[in-house]
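**Student:** Structure below; questions to follow.
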Amino acid sequence: MGRLDGKVALITGAARGQGRGHAIRFAEEGADILAVDICKSIGAVPYPLGTPEELQETAAAVEALGRRVVTHEVDVRDSAAMKQAIDDGAAELGKLDVVIANAGIWTIQPWHDVTPDVWSVTLDINLAGVWHTCQHAAPHLIKAGGGSIIITSSTAGLKGLPFLVPYAASKHGVVGIMRVLTNELAQHSIRVNTIHPSGVETPGGVSGAMEKLIAESPQLGPIFMPALPVPTTYPIDIANAALFLASDEGRYVTGMELKVDAGTTAR
Ligand SMILES: NC(=O)c1ccc[n+]([C@@H]2O[C@H](COP(=O)([O-])OP(=O)(O)OC[C@H]3O[C@@H](n4cnc5c(N)ncnc54)[C@H](O)[C@@H]3O)[C@@H](O)[C@H]2O)c1
């Protein structure tokens with residue numbers, strides 16, 4: 001018996017990193033997967049995003065576990081395209097029970113170097129993109145008789161992590177979406193929660209920019225330090241937390257900010 005037998009899960013940002021980790025872990029537990037990713041890079045984001053090949057690798061990993069998968073190359077910023085992809089995917093897979101609004105980007109700079117482009121692209125993907133995902137998926141969860149929405153925030157959604165103003169604004173913003181939807185969707189037996197990872201070992205945004213800025217302002221370094229003696233977390237740690245929230249084990253858990261941060265926000 002899988003913990004998600006008979007469930008269908010939408011995962012955004014599924015080509016690689018945490019999104020791929022969620023897809024594989026959920027498939028291991030019996031879920032079919034609707035995997036969405038932009039699959040191309042964006043000028044204002046200073047590192048490459050996922051590729052079509054990576055999204056297909058995720059799909060192959062799900063299929064190797066005996067589960068069905070539908071992929072869509074869509075930008076979460078595009079509300080109409082997201083609605084189409086979610087409607088089509090839910091029709092093909094029969095329904096939708098679980099949503100992981102995971103797609104996100106980040107840029108690192110001191111407050112005075114934030115450009116209008118960086119501000120817009122970060123808020124458009126991380127906040128508006130999450131909103132589009134939730135808004136267009138919720139009708140399918142209502143139709144299914146209930147479900148679980150999981151939004152990937154960050155420790156930057158709880159704490160004033162330096163050099164991340166637009167990112168932190170977006171990750172605090174999704175907590176607002178979660179809190180309101182918790183109340184509005186509860187009548188439909190839909191639970192809504194955020195996950196707050198600290199650093200996760202994924203391909204996204206590895207640049208050394210943060211290390212350089214902290215070396216220039218060493219008094220800010222301890223803000224990022226975990227309490228546990230570990231250097232990072234891994235996609236499997238975030239996937240296991242999401243699995244709890246998606247499964248019936250979390251059936252009375254809603255409106256919660258679940259930290260998977262090795263104690264970073266406890267300090
Ligand atoms: N890696 C970390 O240290 C860390 C820590 C806390 C929170 N997070 C959050 O976790 C989530 C996943 O990040 P990750 O670490 O797996 O990064 P990642 O860059 O490895 O993966 C993110 C995926 O999202 C996709 N994506 C980006 N913009 C998109 C868009 N507009 N539309 C559709 N897909 C898009 C990318 O193509 C990529 O495949 C993000 O929301 C991120 O902010 C990451």
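Lettering and numbering for the structure tokens are positional, with chains as A, B, ... in the shown order, residues counted from 1 in each chain, and ligands counted from 1 in the shown order.
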Do you know which residues are within 7 Å of ligand 1 using only C-alpha atoms and all ligand atoms? Can you write them as a PyMOL selection string?
**Tutor:** chain A and resi 12-19+36-40+49-51+74-77+102-106+125-126+129+152-155+196-205
**Student:** Which residues are near region 143-146 of chain A? Cut-off 9 Å, only C-alpha atoms, ignore same chain within fewer than 5 positions. Put them as an mmCIF file with N, CA and C atoms, in the first residue's frame.
**Tutor:**
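After the write, out04.cif holds the following:
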data_model
loop_
_atom_site.group_PDB
_atom_site.id
_atom_site.type_symbol
_atom_site.label_atom_id
_atom_site.label_comp_id
_atom_site.auth_asym_id
_atom_site.auth_seq_id
_atom_site.Cartn_x
_atom_site.Cartn_y
_atom_site.Cartn_z
ATOM 1 N N LYS A 95 -8.289 13.326 -12.661
ATOM 2 C CA LYS A 95 -8.640 14.227 -11.555
ATOM 3 C C LYS A 95 -7.381 14.871 -11.017
ATOM 4 N N LEU A 96 -7.528 15.627 -9.944
ATOM 5 C CA LEU A 96 -6.377 16.223 -9.256
ATOM 6 C C LEU A 96 -6.685 16.256 -7.751
ATOM 7 N N ASP A 97 -5.734 15.758 -6.944
ATOM 8 C CA ASP A 97 -5.937 15.708 -5.487
ATOM 9 C C ASP A 97 -4.940 16.561 -4.715
ATOM 10 N N ALA A 138 -7.426 24.667 -7.736
ATOM 11 C CA ALA A 138 -8.436 24.501 -6.679
ATOM 12 C C ALA A 138 -9.771 23.950 -7.189
ATOM 13 N N LEU A 185 -10.939 27.626 1.541
ATOM 14 C CA LEU A 185 -11.094 26.292 0.933
ATOM 15 C C LEU A 185 -11.412 25.187 1.946
ATOM 16 N N ALA A 186 -11.388 25.522 3.245
ATOM 17 C CA ALA A 186 -11.621 24.489 4.259
ATOM 18 C C ALA A 186 -12.997 23.844 4.092
ATOM 19 N N HIS A 188 -14.366 22.958 1.594
ATOM 20 C CA HIS A 188 -14.299 21.910 0.559
ATOM 21 C C HIS A 188 -13.349 20.781 0.963
ATOM 22 N N SER A 189 -12.955 20.742 2.223
ATOM 23 C CA SER A 189 -12.013 19.722 2.725
ATOM 24 C C SER A 189 -10.670 19.801 2.011
ATOM 25 N N ILE A 190 -10.277 21.013 1.666
ATOM 26 C CA ILE A 190 -8.958 21.226 1.064
ATOM 27 C C ILE A 190 -8.057 21.848 2.128
ATOM 28 N N ARG A 191 -6.903 21.218 2.351
ATOM 29 C CA ARG A 191 -5.925 21.732 3.309
ATOM 30 C C ARG A 191 -4.845 22.502 2.562
#
**Student:** What lies within 8 Å of Leu161 (chain A) using only C-alpha atoms, ignoring chain neighbours under 5 positions off, as a compact mmCIF listing (two decimals) with all heavy atoms, in the first residue's frame?
**Tutor:**
# COMPACT_ATOMS: atom_id res chain seq x y z
N THR A 155 12.98 29.54 4.36
CA THR A 155 13.27 30.24 5.62
C THR A 155 13.21 31.75 5.38
O THR A 155 12.90 32.51 6.30
CB THR A 155 14.65 29.86 6.17
OG1 THR A 155 15.61 29.96 5.12
CG2 THR A 155 14.67 28.45 6.71
N ALA A 156 13.44 32.16 4.11
CA ALA A 156 13.32 33.58 3.76
C ALA A 156 11.87 34.05 3.79
O ALA A 156 11.61 35.25 3.65
CB ALA A 156 13.93 33.84 2.38
N ALA A 168 12.64 37.32 -0.46
CA ALA A 168 11.99 37.25 0.85
C ALA A 168 10.57 37.83 0.79
O ALA A 168 9.65 37.28 1.41
CB ALA A 168 12.83 37.99 1.89
N ILE A 223 22.98 34.55 10.63
CA ILE A 223 21.54 34.49 10.35
C ILE A 223 21.19 33.24 9.53
O ILE A 223 20.10 32.70 9.64
CB ILE A 223 21.07 35.76 9.60
CG1 ILE A 223 21.34 37.00 10.46
CG2 ILE A 223 19.60 35.69 9.23
CD1 ILE A 223 21.10 38.32 9.75
N PHE A 224 22.15 32.78 8.73
CA PHE A 224 21.90 31.64 7.85
C PHE A 224 22.23 30.30 8.51
O PHE A 224 21.99 29.25 7.91
CB PHE A 224 22.75 31.75 6.57
CG PHE A 224 22.35 32.90 5.68
CD1 PHE A 224 22.97 34.14 5.81
CD2 PHE A 224 21.37 32.73 4.72
CE1 PHE A 224 22.60 35.19 4.98
CE2 PHE A 224 21.01 33.78 3.89
CZ PHE A 224 21.62 35.01 4.02
**Student:** Considering only C-alpha atoms, return as a PyMOL selection string whatever protein or nucleic-acid residues lie within 12 Å of Val192 (chain A), sequence-local ones (same chain, fewer than 3 positions apart) excluded.
**Tutor:** chain A and resi 98-101+134+138+141+146-152+174-186+188-189+195+242+245-246+250-258
**Student:** Using DSSP on the backbone, list every residue of region 71-228 of chain A that comes out as strand (DSSP E), and give them as a list in words.
**Tutor:**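 Here are the strand (DSSP E) residues of region 71-228 of chain A: Thr71, His72, Glu73, Val98, Val99, Ile100, Ala101, Gly147, Ser148, Ile149, Ile150, Ile151, Thr152, Ile190, Arg191, Val192, Asn193, Thr194, Ile195, His196 and Pro197 of chain A.
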**Student:** Create the file for the chosen residues now, containing N, CA, C and O atoms and written as a compact mmCIF listing (two decimals), in the first residue's frame.
**Tutor:**
# COMPACT_ATOMS: atom_id res chain seq x y z
N THR A 71 3.31 15.69 -18.85
CA THR A 71 4.19 16.86 -18.71
C THR A 71 3.64 18.02 -19.53
O THR A 71 3.05 17.83 -20.59
N HIS A 72 3.88 19.22 -19.00
CA HIS A 72 3.54 20.43 -19.76
C HIS A 72 4.66 21.45 -19.57
O HIS A 72 5.07 21.71 -18.44
N GLU A 73 5.13 22.01 -20.69
CA GLU A 73 6.13 23.08 -20.62
C GLU A 73 5.37 24.41 -20.55
O GLU A 73 4.85 24.90 -21.56
N VAL A 98 -3.74 16.69 -5.28
CA VAL A 98 -2.63 17.32 -4.53
C VAL A 98 -1.94 18.33 -5.45
O VAL A 98 -1.79 18.07 -6.65
N VAL A 99 -1.54 19.45 -4.88
CA VAL A 99 -0.80 20.47 -5.63
C VAL A 99 0.47 20.82 -4.87
O VAL A 99 0.40 21.07 -3.66
N ILE A 100 1.59 20.82 -5.56
CA ILE A 100 2.80 21.39 -4.95
C ILE A 100 3.24 22.57 -5.82
O ILE A 100 3.75 22.40 -6.94
N ALA A 101 2.99 23.77 -5.32
CA ALA A 101 3.39 25.00 -6.02
C ALA A 101 4.84 25.27 -5.63
O ALA A 101 5.13 25.94 -4.64
N GLY A 147 -8.64 17.84 -0.90
CA GLY A 147 -7.26 17.68 -1.36
C GLY A 147 -6.29 18.45 -0.49
O GLY A 147 -6.64 18.94 0.59
N SER A 148 -5.06 18.55 -1.00
CA SER A 148 -3.99 19.19 -0.24
C SER A 148 -3.19 20.09 -1.16
O SER A 148 -2.72 19.63 -2.21
N ILE A 149 -3.05 21.35 -0.76
CA ILE A 149 -2.21 22.31 -1.50
C ILE A 149 -0.99 22.59 -0.65
O ILE A 149 -1.11 22.95 0.54
N ILE A 150 0.18 22.43 -1.26
CA ILE A 150 1.44 22.64 -0.55
C ILE A 150 2.23 23.69 -1.33
O ILE A 150 2.47 23.52 -2.53
N ILE A 151 2.60 24.76 -0.66
CA ILE A 151 3.33 25.84 -1.32
C ILE A 151 4.76 25.85 -0.78
O ILE A 151 4.97 25.87 0.44
N THR A 152 5.74 25.86 -1.69
CA THR A 152 7.13 25.92 -1.26
C THR A 152 7.50 27.37 -0.99
O THR A 152 7.63 28.18 -1.90
N ILE A 190 -10.28 21.01 1.67
CA ILE A 190 -8.96 21.23 1.06
C ILE A 190 -8.06 21.85 2.13
O ILE A 190 -8.41 22.86 2.74
N ARG A 191 -6.90 21.22 2.35
CA ARG A 191 -5.92 21.73 3.31
C ARG A 191 -4.84 22.50 2.56
O ARG A 191 -4.50 22.16 1.43
N VAL A 192 -4.32 23.55 3.19
CA VAL A 192 -3.32 24.40 2.54
C VAL A 192 -2.20 24.67 3.53
O VAL A 192 -2.46 25.13 4.65
N ASN A 193 -0.98 24.38 3.14
CA ASN A 193 0.18 24.56 4.02
C ASN A 193 1.37 25.07 3.22
O ASN A 193 1.44 24.89 2.00
N THR A 194 2.32 25.69 3.93
CA THR A 194 3.59 26.06 3.31
C THR A 194 4.71 25.21 3.90
O THR A 194 4.64 24.80 5.06
N ILE A 195 5.74 24.97 3.07
CA ILE A 195 6.97 24.34 3.56
C ILE A 195 8.08 25.38 3.48
O ILE A 195 8.17 26.13 2.50
N HIS A 196 8.92 25.40 4.50
CA HIS A 196 9.98 26.41 4.60
C HIS A 196 11.34 25.73 4.71
O HIS A 196 11.85 25.52 5.81
N PRO A 197 11.95 25.41 3.55
CA PRO A 197 13.29 24.81 3.60
C PRO A 197 14.36 25.87 3.85
O PRO A 197 14.22 27.02 3.43
**Student:** Go through A:Asp113, A:Glu63, A:Asp124, A:Asp87 one by one, measure the shortest atom-to-atom distance of each to Leu164 (chain A) using only C-alpha atoms, and give the residue with the smallest value.
**Tutor:** A:Asp113
**Student:** Between CA of Ala262 (chain A) and CA of Ala239 (chain A), what is the distance in Å, rounded to a tenth?
**Tutor:**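 Distance reported for this atom pair: 14.9 Å.
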**Student:** Could you state the separation of CA of Arg20 (chain A) and CA of Ala227 (chain A) in Å, given to one decimal place?
**Tutor:**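 Taking CA of Arg20 (chain A) as the start and CA of Ala227 (chain A) as the end point, the length is 27.1 Å.
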**Student:** Based on the backbone DSSP call, show me all residues of region 28-230 of chain A assigned alpha helix (DSSP H), as a PyMOL selection string.
**Tutor:** chain A and resi 28+52-64+79-93+116-123+129-144+165-185+209-216
**Student:** Using only C-alpha atoms, please write the residues we just selected to a file, as a PDB file, in the first residue's frame.
**Tutor:**
ATOM      1  CA  GLU A  28       6.967   5.779  -5.100  1.00  0.00           C
ATOM      2  CA  PRO A  52      12.898  19.994 -21.799  1.00  0.00           C
ATOM      3  CA  GLU A  53      15.364  17.096 -21.461  1.00  0.00           C
ATOM      4  CA  GLU A  54      15.343  17.411 -17.657  1.00  0.00           C
ATOM      5  CA  LEU A  55      11.533  17.412 -17.568  1.00  0.00           C
ATOM      6  CA  GLN A  56      11.546  14.242 -19.660  1.00  0.00           C
ATOM      7  CA  GLU A  57      14.073  12.688 -17.249  1.00  0.00           C
ATOM      8  CA  THR A  58      11.654  13.392 -14.400  1.00  0.00           C
ATOM      9  CA  ALA A  59       8.834  11.819 -16.413  1.00  0.00           C
ATOM     10  CA  ALA A  60      10.938   8.743 -17.169  1.00  0.00           C
ATOM     11  CA  ALA A  61      11.745   8.342 -13.461  1.00  0.00           C
ATOM     12  CA  VAL A  62       8.022   8.456 -12.594  1.00  0.00           C
ATOM     13  CA  GLU A  63       7.176   5.943 -15.327  1.00  0.00           C
ATOM     14  CA  ALA A  64       9.966   3.638 -14.163  1.00  0.00           C
ATOM     15  CA  SER A  79      -2.234  32.490 -15.967  1.00  0.00           C
ATOM     16  CA  ALA A  80      -4.159  31.391 -19.085  1.00  0.00           C
ATOM     17  CA  ALA A  81      -1.516  28.832 -20.086  1.00  0.00           C
ATOM     18  CA  MET A  82      -1.435  27.452 -16.549  1.00  0.00           C
ATOM     19  CA  LYS A  83      -5.225  27.041 -16.548  1.00  0.00           C
ATOM     20  CA  GLN A  84      -5.058  25.202 -19.867  1.00  0.00           C
ATOM     21  CA  ALA A  85      -2.223  22.905 -18.728  1.00  0.00           C
ATOM     22  CA  ILE A  86      -3.923  22.086 -15.414  1.00  0.00           C
ATOM     23  CA  ASP A  87      -7.338  21.494 -17.028  1.00  0.00           C
ATOM     24  CA  ASP A  88      -5.820  19.297 -19.760  1.00  0.00           C
ATOM     25  CA  GLY A  89      -3.598  17.379 -17.327  1.00  0.00           C
ATOM     26  CA  ALA A  90      -6.428  16.741 -14.872  1.00  0.00           C
ATOM     27  CA  ALA A  91      -8.634  15.534 -17.740  1.00  0.00           C
ATOM     28  CA  GLU A  92      -5.940  13.153 -18.964  1.00  0.00           C
ATOM     29  CA  LEU A  93      -5.120  11.772 -15.504  1.00  0.00           C
ATOM     30  CA  PRO A 116      13.027  46.843 -11.371  1.00  0.00           C
ATOM     31  CA  ASP A 117      13.542  43.793 -13.617  1.00  0.00           C
ATOM     32  CA  VAL A 118      14.786  41.613 -10.757  1.00  0.00           C
ATOM     33  CA  TRP A 119      11.942  42.784  -8.537  1.00  0.00           C
ATOM     34  CA  SER A 120       9.307  42.029 -11.202  1.00  0.00           C
ATOM     35  CA  VAL A 121      10.597  38.651 -12.321  1.00  0.00           C
ATOM     36  CA  THR A 122      10.953  37.395  -8.748  1.00  0.00           C
ATOM     37  CA  LEU A 123       7.509  38.508  -7.636  1.00  0.00           C
ATOM     38  CA  GLY A 129       3.018  32.030 -10.297  1.00  0.00           C
ATOM     39  CA  VAL A 130       2.024  30.363  -7.040  1.00  0.00           C
ATOM     40  CA  TRP A 131      -1.269  32.202  -7.154  1.00  0.00           C
ATOM     41  CA  HIS A 132      -2.010  31.045 -10.723  1.00  0.00           C
ATOM     42  CA  THR A 133      -1.171  27.477  -9.715  1.00  0.00           C
ATOM     43  CA  CYS A 134      -3.485  27.529  -6.711  1.00  0.00           C
ATOM     44  CA  GLN A 135      -6.320  29.405  -8.402  1.00  0.00           C
ATOM     45  CA  HIS A 136      -6.510  27.089 -11.408  1.00  0.00           C
ATOM     46  CA  ALA A 137      -5.931  23.847  -9.480  1.00  0.00           C
ATOM     47  CA  ALA A 138      -8.436  24.501  -6.679  1.00  0.00           C
ATOM     48  CA  PRO A 139     -11.573  23.845  -8.796  1.00  0.00           C
ATOM     49  CA  HIS A 140     -10.241  20.366  -9.570  1.00  0.00           C
ATOM     50  CA  LEU A 141      -9.615  19.639  -5.876  1.00  0.00           C
ATOM     51  CA  ILE A 142     -13.132  20.820  -5.093  1.00  0.00           C
ATOM     52  CA  LYS A 143     -14.451  18.475  -7.801  1.00  0.00           C
ATOM     53  CA  ALA A 144     -12.420  15.611  -6.296  1.00  0.00           C
ATOM     54  CA  VAL A 165      14.748  41.429  -0.604  1.00  0.00           C
ATOM     55  CA  PRO A 166      12.566  40.441  -3.624  1.00  0.00           C
ATOM     56  CA  TYR A 167      12.877  36.738  -2.813  1.00  0.00           C
ATOM     57  CA  ALA A 168      11.988  37.251   0.852  1.00  0.00           C
ATOM     58  CA  ALA A 169       9.053  39.481  -0.132  1.00  0.00           C
ATOM     59  CA  SER A 170       7.734  36.754  -2.451  1.00  0.00           C
ATOM     60  CA  LYS A 171       8.262  33.962   0.072  1.00  0.00           C
ATOM     61  CA  HIS A 172       6.522  35.936   2.843  1.00  0.00           C
ATOM     62  CA  GLY A 173       3.771  36.686   0.291  1.00  0.00           C
ATOM     63  CA  VAL A 174       2.961  33.044  -0.347  1.00  0.00           C
ATOM     64  CA  VAL A 175       2.328  32.606   3.378  1.00  0.00           C
ATOM     65  CA  GLY A 176      -0.471  35.165   2.920  1.00  0.00           C
ATOM     66  CA  ILE A 177      -1.917  33.130   0.042  1.00  0.00           C
ATOM     67  CA  MET A 178      -1.730  30.006   2.213  1.00  0.00           C
ATOM     68  CA  ARG A 179      -3.443  31.637   5.206  1.00  0.00           C
ATOM     69  CA  VAL A 180      -6.350  33.028   3.191  1.00  0.00           C
ATOM     70  CA  LEU A 181      -6.890  29.867   1.124  1.00  0.00           C
ATOM     71  CA  THR A 182      -6.797  27.777   4.318  1.00  0.00           C
ATOM     72  CA  ASN A 183      -9.939  29.591   5.401  1.00  0.00           C
ATOM     73  CA  GLU A 184     -11.704  29.892   2.048  1.00  0.00           C
ATOM     74  CA  LEU A 185     -11.094  26.292   0.933  1.00  0.00           C
ATOM     75  CA  ALA A 209      27.433  35.416  -4.660  1.00  0.00           C
ATOM     76  CA  MET A 210      26.059  35.001  -1.131  1.00  0.00           C
ATOM     77  CA  GLU A 211      29.396  33.820   0.263  1.00  0.00           C
ATOM     78  CA  LYS A 212      31.095  36.906  -1.205  1.00  0.00           C
ATOM     79  CA  LEU A 213      28.539  39.317   0.293  1.00  0.00           C
ATOM     80  CA  ILE A 214      28.744  37.645   3.716  1.00  0.00           C
ATOM     81  CA  ALA A 215      32.535  37.823   3.614  1.00  0.00           C
ATOM     82  CA  GLU A 216      32.115  41.608   3.191  1.00  0.00           C
TER      83      GLU A 216
END
**Student:** Quick one: residues within 8 Å of Glu29 (chain A), only C-alpha atoms counted, chain neighbours fewer than 3 positions away excluded, as a PyMOL selection string?
**Tutor:** chain A and resi 1-5+25-26
**Student:** For the residues in the current selection, export C-alpha atoms as a compact mmCIF listing (two decimals), in the first residue's frame.
**Tutor:**
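Written file, part-v7.txt:
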# COMPACT_ATOMS: atom_id res chain seq x y z
CA MET A 1 0.00 0.00 0.00
CA GLY A 2 1.34 3.40 -0.98
CA ARG A 3 0.57 6.46 1.08
CA LEU A 4 -0.75 8.23 -2.05
CA ASP A 5 -2.41 5.32 -3.84
CA ARG A 25 8.84 10.37 -3.93
CA PHE A 26 5.12 10.80 -4.67
**Student:** Between CA of Ile33 (chain A) and CA of Thr233 (chain A), what is the distance, to one decimal in Å?
**Tutor:**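 Pair CA of Ile33 (chain A) / CA of Thr233 (chain A) returns 23.8 Å.
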